[in-house]
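Text of the file data_22.cif, holding mmCIF, C-alpha atoms:
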data_data
loop_
_atom_site.label_atom_id
_atom_site.label_comp_id
_atom_site.auth_asym_id
_atom_site.auth_seq_id
_atom_site.Cartn_x
_atom_site.Cartn_y
_atom_site.Cartn_z
CA ALA A 1 -15.85 45.91 7.33
CA LEU A 2 -18.44 45.60 4.57
CA ASN A 3 -15.84 44.22 2.16
CA LYS A 4 -14.70 41.76 4.82
CA ARG A 5 -18.26 40.48 5.31
CA ARG A 6 -18.71 40.14 1.56
CA ALA A 7 -15.45 38.20 1.27
CA THR A 8 -16.51 35.96 4.14
CA GLY A 9 -19.87 35.40 2.45
CA ARG A 10 -18.20 34.45 -0.83
CA GLY A 11 -15.89 32.09 1.03
CA ARG A 12 -18.82 30.35 2.69
CA ALA A 13 -20.66 30.09 -0.61
CA GLN A 14 -17.61 28.55 -2.30
CA LYS A 15 -17.18 26.11 0.59
CA ALA A 16 -20.85 25.15 0.35
CA GLN A 17 -20.47 24.51 -3.37
CA TRP A 18 -17.35 22.42 -2.70
CA ASN A 19 -19.19 20.34 -0.10
CA MET A 20 -21.93 19.65 -2.66
CA VAL A 21 -19.43 17.95 -5.01
CA ALA A 22 -20.17 14.24 -5.06
CA ARG A 23 -17.52 12.10 -3.39
CA ARG A 24 -15.68 9.75 -5.75
CA GLU A 25 -16.71 6.15 -5.27
CA THR A 26 -14.35 4.48 -7.73
CA LEU A 27 -12.17 1.52 -6.86
CA ILE A 28 -10.68 -1.50 -8.59
CA PRO A 29 -13.49 -4.02 -9.13
CA GLN A 30 -12.83 -7.21 -7.20
CA GLU A 31 -12.93 -9.28 -10.37
CA ARG A 32 -10.11 -7.15 -11.82
CA THR A 33 -7.79 -7.26 -8.83
CA ALA A 34 -5.88 -10.12 -10.46
CA GLU A 35 -5.19 -8.00 -13.55
CA TRP A 36 -4.04 -5.10 -11.37
CA PHE A 37 -1.47 -7.15 -9.45
CA ALA A 38 -0.33 -9.00 -12.56
CA THR A 39 0.14 -5.79 -14.56
CA LEU A 40 2.19 -4.18 -11.80
CA GLN A 41 4.35 -7.28 -11.73
CA THR A 42 4.78 -7.18 -15.52
CA ILE A 43 5.69 -3.47 -15.53
CA ARG A 44 8.19 -4.07 -12.73
CA ALA A 45 9.72 -6.97 -14.66
CA ASP A 46 9.88 -4.95 -17.89
CA ALA A 47 11.44 -1.91 -16.19
CA VAL A 48 15.18 -1.52 -15.95
CA THR A 49 16.32 -2.68 -12.52
CA ASN A 50 16.31 -0.02 -9.80
CA THR A 51 14.37 2.55 -11.83
CA VAL A 52 11.71 4.87 -10.46
CA ALA A 53 9.13 2.84 -12.42
CA SER A 54 9.96 -0.37 -10.56
CA ARG A 55 9.86 1.47 -7.22
CA THR A 56 6.52 3.04 -8.15
CA CYS A 57 5.09 -0.43 -8.81
CA ASP A 58 6.20 -1.49 -5.33
CA LEU A 59 4.68 1.65 -3.84
CA LEU A 60 1.33 1.14 -5.60
CA GLU A 61 1.27 -2.48 -4.51
CA ALA A 62 1.98 -1.44 -0.91
CA LEU A 63 -0.83 1.13 -1.09
CA THR A 64 -3.19 -1.59 -2.32
CA ILE A 65 -2.58 -3.90 0.64
CA THR A 66 -2.33 -1.24 3.37
CA GLY A 67 -5.01 1.32 2.52
CA CYS A 68 -2.61 4.14 3.33
CA ARG A 69 -2.83 7.58 1.76
CA PHE A 70 -0.28 8.19 -0.99
CA ASN A 71 1.98 10.59 0.92
CA GLU A 72 1.84 8.46 4.07
CA LEU A 73 3.92 5.84 2.25
CA ALA A 74 5.61 7.79 -0.53
CA LYS A 75 7.39 10.10 1.94
CA LEU A 76 8.08 7.42 4.54
CA GLU A 77 11.65 6.92 5.75
CA TRP A 78 13.39 3.80 7.03
CA SER A 79 13.50 5.22 10.53
CA ALA A 80 9.73 4.68 10.69
CA VAL A 81 10.07 0.94 10.01
CA ASP A 82 10.61 -1.65 12.74
CA LEU A 83 11.09 -4.96 10.95
CA GLY A 84 11.90 -6.75 14.19
CA ARG A 85 8.62 -5.86 15.90
CA GLY A 86 6.75 -5.85 12.63
CA TYR A 87 5.25 -2.40 12.24
CA ILE A 88 5.69 0.96 10.55
CA LYS A 89 4.93 4.19 12.36
CA ILE A 90 3.66 6.91 10.05
CA PRO A 91 4.54 10.23 11.72
CA ALA A 92 1.86 12.85 12.38
CA PRO A 93 3.07 15.34 9.71
CA LEU A 94 2.34 12.78 6.96
CA GLY A 95 -1.16 11.93 8.18
CA LYS A 96 -4.17 13.91 7.01
CA ASN A 97 -5.46 14.25 10.56
CA ARG A 98 -2.02 15.17 11.92
CA ARG A 99 -2.06 12.04 14.04
CA PRO A 100 0.62 9.32 14.02
CA LEU A 101 -0.47 5.94 12.71
CA VAL A 102 0.97 2.53 13.53
CA LYS A 103 0.48 -0.01 10.72
CA PRO A 104 1.35 -3.69 11.24
CA ILE A 105 3.65 -5.28 8.68
CA THR A 106 1.81 -8.15 7.00
CA ARG A 107 3.48 -10.96 5.06
CA HIS A 108 3.22 -9.50 1.57
CA LEU A 109 4.08 -6.01 2.79
CA ARG A 110 7.20 -7.50 4.40
CA ALA A 111 8.19 -8.99 1.03
CA ILE A 112 7.86 -5.55 -0.59
CA LEU A 113 9.91 -3.89 2.15
CA ASP A 114 12.58 -6.58 1.84
CA ARG A 115 12.78 -5.82 -1.87
CA ARG A 116 13.28 -2.15 -1.16
CA LEU A 117 15.77 -2.90 1.61
CA ALA A 118 17.90 -4.85 -0.85
CA GLU A 119 18.30 -1.65 -2.91
CA ARG A 120 18.82 0.72 0.00
CA HIS A 121 22.59 0.82 -0.53
CA LEU A 122 22.02 2.40 -3.94
CA PHE A 123 20.67 5.54 -2.24
CA PRO A 124 23.16 6.28 0.56
CA HIS A 125 22.17 9.95 0.82
CA THR A 126 18.47 9.46 1.51
CA GLU A 127 16.44 7.62 4.13
CA LEU A 128 13.41 7.37 1.83
CA ILE A 129 12.01 3.88 1.29
CA TRP A 130 10.76 4.78 -2.20
CA PRO A 131 13.20 7.35 -3.64
CA GLY A 132 11.94 9.17 -6.71
CA ARG A 133 13.69 11.35 -9.23
CA GLN A 134 12.89 14.85 -10.43
CA MET A 135 13.21 15.50 -14.17
CA ASN A 136 16.10 17.89 -13.56
CA GLN A 137 17.84 15.52 -11.14
CA PRO A 138 19.04 12.48 -13.08
CA ASP A 139 21.43 11.55 -10.26
CA PRO A 140 19.65 9.11 -7.91
CA VAL A 141 21.67 10.54 -5.04
CA ALA A 142 19.62 13.73 -5.36
CA ALA A 143 16.29 11.91 -5.47
CA GLY A 144 13.33 13.10 -3.44
CA PRO A 145 10.21 11.03 -2.79
CA ILE A 146 8.08 9.62 -5.60
CA SER A 147 5.55 12.36 -6.15
CA ASP A 148 3.67 11.31 -9.28
CA PRO A 149 2.73 7.71 -10.13
CA ARG A 150 0.90 8.71 -13.32
CA PHE A 151 3.53 7.18 -15.60
CA VAL A 152 2.94 3.69 -14.18
CA LEU A 153 -0.82 4.24 -13.88
CA GLY A 154 -0.80 5.31 -17.52
CA LEU A 155 0.90 2.05 -18.49
CA VAL A 156 -1.76 0.14 -16.56
CA LYS A 157 -4.52 1.96 -18.43
CA GLU A 158 -2.76 1.40 -21.73
CA ARG A 159 -2.29 -2.33 -21.15
CA ILE A 160 -5.56 -3.41 -19.53
CA GLY A 161 -7.81 -0.34 -19.82
CA LEU A 162 -8.05 0.07 -16.05
CA GLU A 163 -8.03 3.70 -14.89
CA VAL A 164 -6.84 3.95 -11.28
CA THR A 165 -5.97 6.76 -8.86
CA PRO A 166 -3.98 6.23 -5.64
CA HIS A 167 -7.06 7.01 -3.56
CA ASP A 168 -8.99 4.28 -5.40
CA LEU A 169 -6.58 1.85 -3.75
CA ARG A 170 -7.49 3.23 -0.33
CA ARG A 171 -11.20 2.84 -1.05
CA GLY A 172 -10.54 -0.66 -2.35
CA TRP A 173 -8.74 -1.60 0.87
CA ALA A 174 -11.65 -0.32 2.98
CA SER A 175 -14.09 -2.33 0.87
CA ALA A 176 -11.92 -5.45 1.16
CA ALA A 177 -11.68 -4.96 4.93
CA LEU A 178 -15.45 -4.89 5.17
CA CYS A 179 -15.78 -8.01 3.02
CA ALA A 180 -13.11 -9.75 5.11
CA GLY A 181 -15.19 -9.19 8.24
CA VAL A 182 -12.99 -6.60 9.94
CA PRO A 183 -14.96 -4.61 12.56
CA GLN A 184 -15.78 -1.02 11.65
CA GLU A 185 -13.87 0.38 14.63
CA ALA A 186 -10.74 -1.50 13.56
CA ILE A 187 -11.10 -0.25 9.97
CA LYS A 188 -11.22 3.34 11.26
CA ARG A 189 -8.17 2.72 13.40
CA LEU A 190 -6.15 1.17 10.58
CA MET A 191 -7.13 3.99 8.19
CA ASN A 192 -6.44 6.69 10.80
CA HIS A 193 -9.98 8.06 10.52
CA LEU A 194 -11.35 10.22 13.29
CA THR A 195 -13.88 8.48 15.49
CA ASN A 196 -16.97 10.00 17.09
CA ASN A 197 -15.91 11.45 20.46
CA GLU A 198 -19.45 11.02 21.71
CA ASP A 199 -19.34 7.26 21.17
CA VAL A 200 -18.51 6.07 24.68
CA THR A 201 -18.25 2.41 23.67
CA SER A 202 -15.45 3.07 21.15
CA GLY A 203 -13.35 4.52 23.94
CA TYR A 204 -13.27 1.09 25.59
CA GLN A 205 -12.27 -0.76 22.44
CA ILE A 206 -8.49 -0.97 22.75
CA LEU A 207 -6.85 -2.78 19.84
CA ASP A 208 -3.27 -3.91 20.43
CA LEU A 209 -0.67 -4.40 17.70
CA ASN A 210 -1.13 -8.17 17.48
CA THR A 211 -4.88 -7.79 17.03
CA LEU A 212 -4.38 -5.14 14.35
CA ARG A 213 -1.81 -7.35 12.62
CA ALA A 214 -4.22 -10.29 12.50
CA LEU A 215 -6.97 -8.08 11.10
CA SER A 216 -4.62 -6.47 8.57
CA GLN A 217 -3.53 -9.93 7.46
CA GLN A 218 -7.18 -10.85 6.91
CA VAL A 219 -7.53 -7.92 4.53
CA GLU A 220 -4.28 -8.66 2.72
CA ASP A 221 -5.23 -12.33 2.29
CA PHE A 222 -8.63 -11.31 0.95
CA LEU A 223 -7.04 -8.97 -1.61
CA LEU A 224 -4.47 -11.55 -2.70
CA ARG A 225 -7.16 -14.22 -3.03
CA SER A 226 -9.15 -11.75 -5.11
CA GLY A 227 -5.98 -11.24 -7.12
CA ALA A 228 -5.58 -14.93 -7.90
CA ALA A 229 -5.41 -15.76 -11.57
CA PRO A 230 -8.87 -15.80 -13.22
CA GLY A 231 -10.42 -19.27 -13.17
CA LYS A 232 -8.37 -20.43 -10.18
CA ASP A 233 -9.87 -21.47 -6.88
CA PRO A 234 -8.43 -18.92 -4.39
CA ASN A 235 -8.33 -21.61 -1.70
CA ALA A 236 -6.66 -24.25 -3.86
CA THR A 237 -3.16 -25.39 -2.88
CA ASP A 238 -1.64 -24.28 -6.21
CA THR A 239 -3.15 -20.81 -5.84
CA MET A 240 -1.88 -20.39 -2.30
CA LEU A 241 1.54 -21.66 -3.41
CA ASP A 242 1.59 -19.11 -6.25
CA ALA A 243 0.80 -16.34 -3.74
CA LEU A 244 3.62 -17.52 -1.45
CA LEU A 245 6.15 -17.72 -4.26
CA SER A 246 5.27 -14.20 -5.40
CA GLU A 247 6.57 -12.94 -2.05
CA LEU A 248 9.99 -14.60 -2.41
CA ASP A 249 13.01 -13.18 -4.19
CA GLU A 250 15.04 -15.28 -6.64
CA ALA A 251 17.60 -16.41 -4.04
CA GLU A 252 14.84 -17.59 -1.70
CA LYS A 253 13.12 -19.45 -4.55
CA ARG A 254 16.39 -21.23 -5.42
CA ARG A 255 16.93 -22.23 -1.78
CA LEU A 256 13.36 -23.53 -1.57
CA LEU A 257 13.80 -25.49 -4.82
CA PHE A 258 17.06 -26.99 -3.54
CA ASP A 259 15.46 -28.04 -0.23
CA LEU A 260 12.43 -29.58 -1.95
CA SER A 261 14.67 -31.46 -4.41
CA ALA A 262 16.80 -32.79 -1.56
CA LYS A 263 13.73 -34.02 0.33
CA ARG A 264 12.37 -35.67 -2.82
CA LEU A 265 15.68 -37.53 -3.33
CA GLU A 266 15.56 -38.70 0.31
CA ARG A 267 12.08 -40.15 -0.22
CA VAL A 268 13.18 -41.91 -3.41
CA ALA A 269 16.23 -43.36 -1.66
#
For the file at hand, write its structure as structure tokens.
Amino acid sequence: ALNKRRATGRGRAQKAQWNMVARRETLIPQERTAEWFATLQTIRADAVTNTVASRTCDLLEALTITGCRFNELAKLEWSAVDLGRGYIKIPAPLGKNRRPLVKPITRHLRAILDRRLAERHLFPHTELIWPGRQMNQPDPVAAGPISDPRFVLGLVKERIGLEVTPHDLRRGWASAALCAGVPQEAIKRLMNHLTNNEDVTSGYQILDLNTLRALSQQVEDFLLRSGAAPGKDPNATDTMLDALLSELDEAEKRRLLFDLSAKRLERVA
């Protein structure tokens, strides 16, 4: 009994010491968001098509604009995605609080998911959206989820000197949500944070999917405006056009170019 009390005492002391550790407060500075997005795009373009590096870039980009925890997206399967209704449902086992989370699909997130959907046929034996590859499993058929983004994050640090962790992206999303004017209760809901059970008012604040989608789009737009090329007005037409084009694949860009050329010829005629 004495040994048990001593062990319990040591456990409490260790827990107290752990709770005294300062919480990390790092995130990508707003003025460097453009570099972050641009570097991910460059790494994805440099990577061999359909490699784990290109999928990791997509995953990190999705984490940036959703504020999800790493495993909430990295281990997500296609069965959790409803493209028709426009949401993903993160199951309880993947959430830190063991609660399911419904996240609306915003415009740029949809572009990322479409990119992954186009490669889904390459991984017929897995339902994972972002298949990874273990070092001893070179066959993509045997791939599990992406578990370590440090290779891509290392390239980012090497190229632009920006040191980032996946949780920095979550903190950055929360900061962007606040700057975009999203209510605190909605931020908690979208981040799947526990709310104060004693707050009676919060129990009456019911946020439907359309409301959450509009608020999520506000945050995404804020991040993408912050990620506009340095020196560009984020509200300028050219900047907004650049952001739109970044969401299109090559086939969609060609169709858009063809349509615009046809309309220009009609005006000339």
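Between atom CA of A:Asp221 and atom CA of A:Gly67 there is a distance of 13.7 Å.
With atom CA of A:Gly132 on one side and atom CA of A:Pro145 on the other, the separation reads 4.7 Å.
Checking A:Leu122, A:Val164, A:Ala177, A:Ala251 one by one against A:Phe151, counting only C-alpha atoms, you find the shortest gap at A:Val164.
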- Item | Output check: residues returned by the PyMOL selection byres ((chain A and resi 105-114) around 6), as a PyMOL selection string | chain A and resi 86-87+104+115-117+217+247
Residue IDs satisfying the PyMOL selection byres ((chain A and resi 27) around 6), as a PDB file with C-alpha atoms, in the frame of the given file:
ATOM      1  CA  THR A  26     -14.350   4.480  -7.730  1.00  0.00           C
ATOM      2  CA  ILE A  28     -10.680  -1.500  -8.590  1.00  0.00           C
ATOM      3  CA  ASP A 168      -8.990   4.280  -5.400  1.00  0.00           C
ATOM      4  CA  GLY A 172     -10.540  -0.660  -2.350  1.00  0.00           C
TER       5      GLY A 172
END
- Exercise: stretch 48-57 of chain A partners within 9 Å, all atoms listed in the file, chain neighbours under 4 positions left out, as an NGL selection string: :A and (40-41 or 43-44 or 61-62 or 116 or 119 or 122 or 130-133 or 146 or 148-149 or 151-152)
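Considering the residues A:Arg254, A:Glu158, A:His193, A:Leu169 and counting all atoms listed in the file, A:Arg98 has its shortest atom-to-atom contact with A:His193.
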Because some atoms of stretch 73-98 of chain A are absent here, can you restore N, CA, C and O atoms and send them as a compact mmCIF listing (two decimals), keeping the file's coordinate frame?
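So part-v6.txt came out as:
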# COMPACT_ATOMS: atom_id res chain seq x y z
N LEU A 73 2.88 6.82 2.61
CA LEU A 73 3.92 5.84 2.25
C LEU A 73 5.00 6.43 1.38
O LEU A 73 6.18 6.13 1.56
N ALA A 74 4.63 7.27 0.42
CA ALA A 74 5.61 7.79 -0.53
C ALA A 74 6.72 8.57 0.16
O ALA A 74 7.88 8.53 -0.27
N LYS A 75 6.40 9.28 1.25
CA LYS A 75 7.39 10.10 1.94
C LYS A 75 7.95 9.42 3.19
O LYS A 75 8.67 10.03 3.97
N LEU A 76 7.65 8.14 3.35
CA LEU A 76 8.08 7.42 4.54
C LEU A 76 9.57 7.11 4.49
O LEU A 76 10.12 6.79 3.44
N GLU A 77 10.22 7.20 5.65
CA GLU A 77 11.65 6.92 5.75
C GLU A 77 11.88 5.63 6.54
O GLU A 77 11.01 5.17 7.28
N TRP A 78 13.07 5.07 6.38
CA TRP A 78 13.39 3.80 7.03
C TRP A 78 13.34 3.88 8.55
O TRP A 78 13.10 2.88 9.23
N SER A 79 13.55 5.06 9.09
CA SER A 79 13.50 5.22 10.53
C SER A 79 12.12 4.92 11.11
O SER A 79 11.97 4.67 12.30
N ALA A 80 11.11 4.94 10.25
CA ALA A 80 9.73 4.68 10.69
C ALA A 80 9.39 3.18 10.66
O ALA A 80 8.31 2.80 11.07
N VAL A 81 10.33 2.37 10.18
CA VAL A 81 10.07 0.94 10.01
C VAL A 81 10.79 0.13 11.09
O VAL A 81 11.98 0.30 11.32
N ASP A 82 10.04 -0.73 11.76
CA ASP A 82 10.61 -1.65 12.74
C ASP A 82 10.32 -3.06 12.25
O ASP A 82 9.27 -3.63 12.52
N LEU A 83 11.29 -3.62 11.51
CA LEU A 83 11.09 -4.96 10.95
C LEU A 83 11.09 -6.03 12.03
O LEU A 83 10.42 -7.05 11.89
N GLY A 84 11.84 -5.78 13.11
CA GLY A 84 11.90 -6.75 14.19
C GLY A 84 10.56 -6.92 14.89
O GLY A 84 10.10 -8.05 15.11
N ARG A 85 9.92 -5.81 15.23
CA ARG A 85 8.62 -5.86 15.90
C ARG A 85 7.46 -5.94 14.92
O ARG A 85 6.33 -6.22 15.31
N GLY A 86 7.77 -5.66 13.66
CA GLY A 86 6.75 -5.85 12.63
C GLY A 86 5.73 -4.74 12.51
O GLY A 86 4.54 -5.00 12.43
N TYR A 87 6.19 -3.50 12.46
CA TYR A 87 5.25 -2.40 12.24
C TYR A 87 5.97 -1.21 11.62
O TYR A 87 7.21 -1.10 11.68
N ILE A 88 5.18 -0.33 11.00
CA ILE A 88 5.69 0.96 10.55
C ILE A 88 4.91 2.04 11.28
O ILE A 88 3.71 1.89 11.53
N LYS A 89 5.58 3.10 11.66
CA LYS A 89 4.93 4.19 12.36
C LYS A 89 4.95 5.42 11.46
O LYS A 89 5.98 6.04 11.24
N ILE A 90 3.79 5.74 10.93
CA ILE A 90 3.66 6.91 10.05
C ILE A 90 3.56 8.15 10.93
O ILE A 90 2.63 8.27 11.73
N PRO A 91 4.53 9.06 10.83
CA PRO A 91 4.54 10.23 11.72
C PRO A 91 3.37 11.17 11.45
O PRO A 91 2.81 11.19 10.35
N ALA A 92 3.01 11.95 12.46
CA ALA A 92 1.86 12.85 12.38
C ALA A 92 1.91 13.80 11.18
O ALA A 92 0.87 14.02 10.53
N PRO A 93 3.06 14.39 10.84
CA PRO A 93 3.07 15.34 9.71
C PRO A 93 2.63 14.73 8.38
O PRO A 93 2.17 15.44 7.50
N LEU A 94 2.73 13.41 8.23
CA LEU A 94 2.34 12.78 6.96
C LEU A 94 0.88 12.39 6.94
O LEU A 94 0.32 12.12 5.87
N GLY A 95 0.24 12.33 8.11
CA GLY A 95 -1.16 11.93 8.18
C GLY A 95 -2.09 13.11 7.95
O GLY A 95 -1.80 14.24 8.35
N LYS A 96 -3.22 12.84 7.31
CA LYS A 96 -4.17 13.91 7.01
C LYS A 96 -4.71 14.55 8.28
O LYS A 96 -4.94 15.75 8.35
N ASN A 97 -4.91 13.75 9.31
CA ASN A 97 -5.46 14.25 10.56
C ASN A 97 -4.39 14.70 11.55
O ASN A 97 -4.69 14.97 12.70
N ARG A 98 -3.14 14.75 11.07
CA ARG A 98 -2.02 15.17 11.92
C ARG A 98 -1.90 14.29 13.16
O ARG A 98 -1.58 14.75 14.25
